[in-house]
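Novice: Input: one structure, supplied below.
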Amino acid sequence: MRQNAVRGHLDGLLLAVLETGPLHGYAIITAVQHRSSGMLELRTGTIYPALNRLERLGFLRSTWQADGERRRRCYELTEAGRHTLDAERTAWREFTAAIGSVLNPTTPSGLTT
């Protein structure tokens, strides 16, 4: 479930964890894992291409920051990224409502409308 669970929702997950402030790649992976109680595990080979794409689209911006002798690329949301996150959340609510109405119907079984 872990890898397949994020398919189609990766952009929203990345934008959501960056909503509270800039993070570097490993911190983004850790934040998603922590927020999902360990159910979602992202790999560096998955997130870095997505982060680069989101940056090219103008939803993120990045800066290099020193961490001791290492430099890390930190990503943060742009205003366009915040709007996109809002749209992702709306789409997610609509999607889960539609799936929920199929998996948990309110009409008793056997009745037609």
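In the structure tokens, chains take letters A, B, ... by order of appearance, with residues numbered from 1 within each chain and ligands from 1 in the order shown.
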So which residues touch Val17 (chain A) within 7 Å, counting only C-alpha atoms, skipping near sequence neighbours fewer than 3 positions away, as a ChimeraX atom specification?
Specialist: /A:13-14,20,28,31-32
Novice: Just write the chosen residues, N, CA, C and O atoms, as an mmCIF file, in the first residue's frame.
Specialist:
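That gives us out_19.cif:
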data_model
loop_
_atom_site.group_PDB
_atom_site.id
_atom_site.type_symbol
_atom_site.label_atom_id
_atom_site.label_comp_id
_atom_site.auth_asym_id
_atom_site.auth_seq_id
_atom_site.Cartn_x
_atom_site.Cartn_y
_atom_site.Cartn_z
ATOM 1 N N LEU A 13 0.633 15.938 -1.272
ATOM 2 C CA LEU A 13 1.367 15.576 -0.064
ATOM 3 C C LEU A 13 2.588 16.471 0.126
ATOM 4 O O LEU A 13 2.843 16.968 1.233
ATOM 5 N N LEU A 14 3.341 16.685 -0.959
ATOM 6 C CA LEU A 14 4.533 17.523 -0.862
ATOM 7 C C LEU A 14 4.174 18.964 -0.528
ATOM 8 O O LEU A 14 4.798 19.589 0.339
ATOM 9 N N THR A 20 3.870 24.644 6.265
ATOM 10 C CA THR A 20 4.286 25.272 7.522
ATOM 11 C C THR A 20 5.654 25.934 7.436
ATOM 12 O O THR A 20 6.056 26.623 8.369
ATOM 13 N N ILE A 28 11.290 16.435 4.249
ATOM 14 C CA ILE A 28 9.983 16.259 3.610
ATOM 15 C C ILE A 28 9.556 14.798 3.698
ATOM 16 O O ILE A 28 8.420 14.488 4.069
ATOM 17 N N ALA A 31 8.585 14.098 7.247
ATOM 18 C CA ALA A 31 7.311 14.731 7.611
ATOM 19 C C ALA A 31 6.125 13.934 7.082
ATOM 20 O O ALA A 31 5.135 13.734 7.801
ATOM 21 N N VAL A 32 6.213 13.468 5.844
ATOM 22 C CA VAL A 32 5.124 12.660 5.283
ATOM 23 C C VAL A 32 4.980 11.367 6.073
ATOM 24 O O VAL A 32 3.867 10.962 6.429
#
Novice: Please report as JSON lines every residue of region 10-52 of chain A lying within 9 Å of region 72-83 of chain A, along with the nearest atom pair and their distance in Å (one decimal), using only C-alpha atoms.
Specialist:
{"residue": "A:Leu15", "atom": "CA", "partner": "A:Leu77", "partner_atom": "CA", "distance": 6.9}
{"residue": "A:Ala16", "atom": "CA", "partner": "A:Arg82", "partner_atom": "CA", "distance": 8.8}
{"residue": "A:Leu18", "atom": "CA", "partner": "A:Glu76", "partner_atom": "CA", "distance": 5.8}
{"residue": "A:Glu19", "atom": "CA", "partner": "A:Leu77", "partner_atom": "CA", "distance": 6.5}
{"residue": "A:Thr20", "atom": "CA", "partner": "A:Glu76", "partner_atom": "CA", "distance": 8.8}
{"residue": "A:Gly21", "atom": "CA", "partner": "A:Glu76", "partner_atom": "CA", "distance": 6.1}
{"residue": "A:Pro22", "atom": "CA", "partner": "A:Glu76", "partner_atom": "CA", "distance": 4.4}
{"residue": "A:Leu23", "atom": "CA", "partner": "A:Cys74", "partner_atom": "CA", "distance": 5.1}
{"residue": "A:His24", "atom": "CA", "partner": "A:Cys74", "partner_atom": "CA", "distance": 4.2}
{"residue": "A:Gly25", "atom": "CA", "partner": "A:Cys74", "partner_atom": "CA", "distance": 7.1}
{"residue": "A:Leu51", "atom": "CA", "partner": "A:Tyr75", "partner_atom": "CA", "distance": 7.9}
Novice: Would you work out the distance separating CA of Ile47 (chain A) from CA of Leu10 (chain A), expressed in Å to one decimal?
Specialist: 8.1 Å
Novice: So what do you get for CA of Leu40 (chain A) versus CA of His9 (chain A), distance-wise?
Specialist: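 Between CA of Leu40 (chain A) and CA of His9 (chain A) the gap works out to 11.5 Å.
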Novice: Pick the closest to Thr30 (chain A) from A:Ser62, A:Thr106, A:Thr44, A:Thr90: which is it, counting only C-alpha atoms?
Specialist: A:Thr44
Novice: Could you give me, as a list of chain:residue names, each residue of chain A that DSSP assigns to strand (DSSP E or B) when run on this structure's backbone?
Specialist: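 Selecting the strand (DSSP E or B) positions of chain A gives A:Leu23, A:His24, A:Leu60, A:Arg61, A:Ser62, A:Thr63, A:Trp64, A:Gln65, A:Ala66, A:Asp67, A:Arg70, A:Arg71, A:Arg72, A:Arg73, A:Cys74, A:Tyr75, A:Glu76, A:Leu77.
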Novice: Looking only at the backbone, which of the residues in region 29-104 of chain A does DSSP tag as alpha helix (DSSP H), as JSON, numbers by chain?
Specialist: {"A": [29, 30, 31, 32, 33, 34, 35, 44, 45, 46, 47, 48, 49, 50, 51, 52, 53, 54, 55, 56, 79, 80, 81, 82, 83, 84, 85, 86, 87, 88, 89, 90, 91, 92, 93, 94, 95, 96, 97, 98, 99, 100, 101, 102, 103]}
Novice: Quick one: residues within 12 Å of Phe95 (chain A), only C-alpha atoms, excluding same-chain residues fewer than 6 positions away - as a list in words?
Specialist: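 Surrounding residues, per the criterion: Gly8, His9, Glu88, Arg89, Ser101 and Val102 of chain A.
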Novice: At what distance in Å, to one decimal, does CA of Gln33 (chain A) lie from CA of Arg53 (chain A)?
Specialist: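 These two atoms are separated by 21.3 Å.
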Novice: Identify which of the residues A:Arg7, A:Ala91, A:Asp86, A:Arg71 lies closest to Ala50 (chain A), counting only C-alpha atoms when measuring atom-to-atom distances.
Specialist: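 The answer is A:Arg7, which sits nearest to Ala50 (chain A).
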Novice: Tell me which of A:His34, A:Gly68, A:Asp11, A:Pro105 sits closest to Tyr48 (chain A), counting only C-alpha atoms.
Specialist: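 Checking each of A:His34, A:Gly68, A:Asp11, A:Pro105 against Tyr48 (chain A), counting only C-alpha atoms, the winner is A:Asp11.
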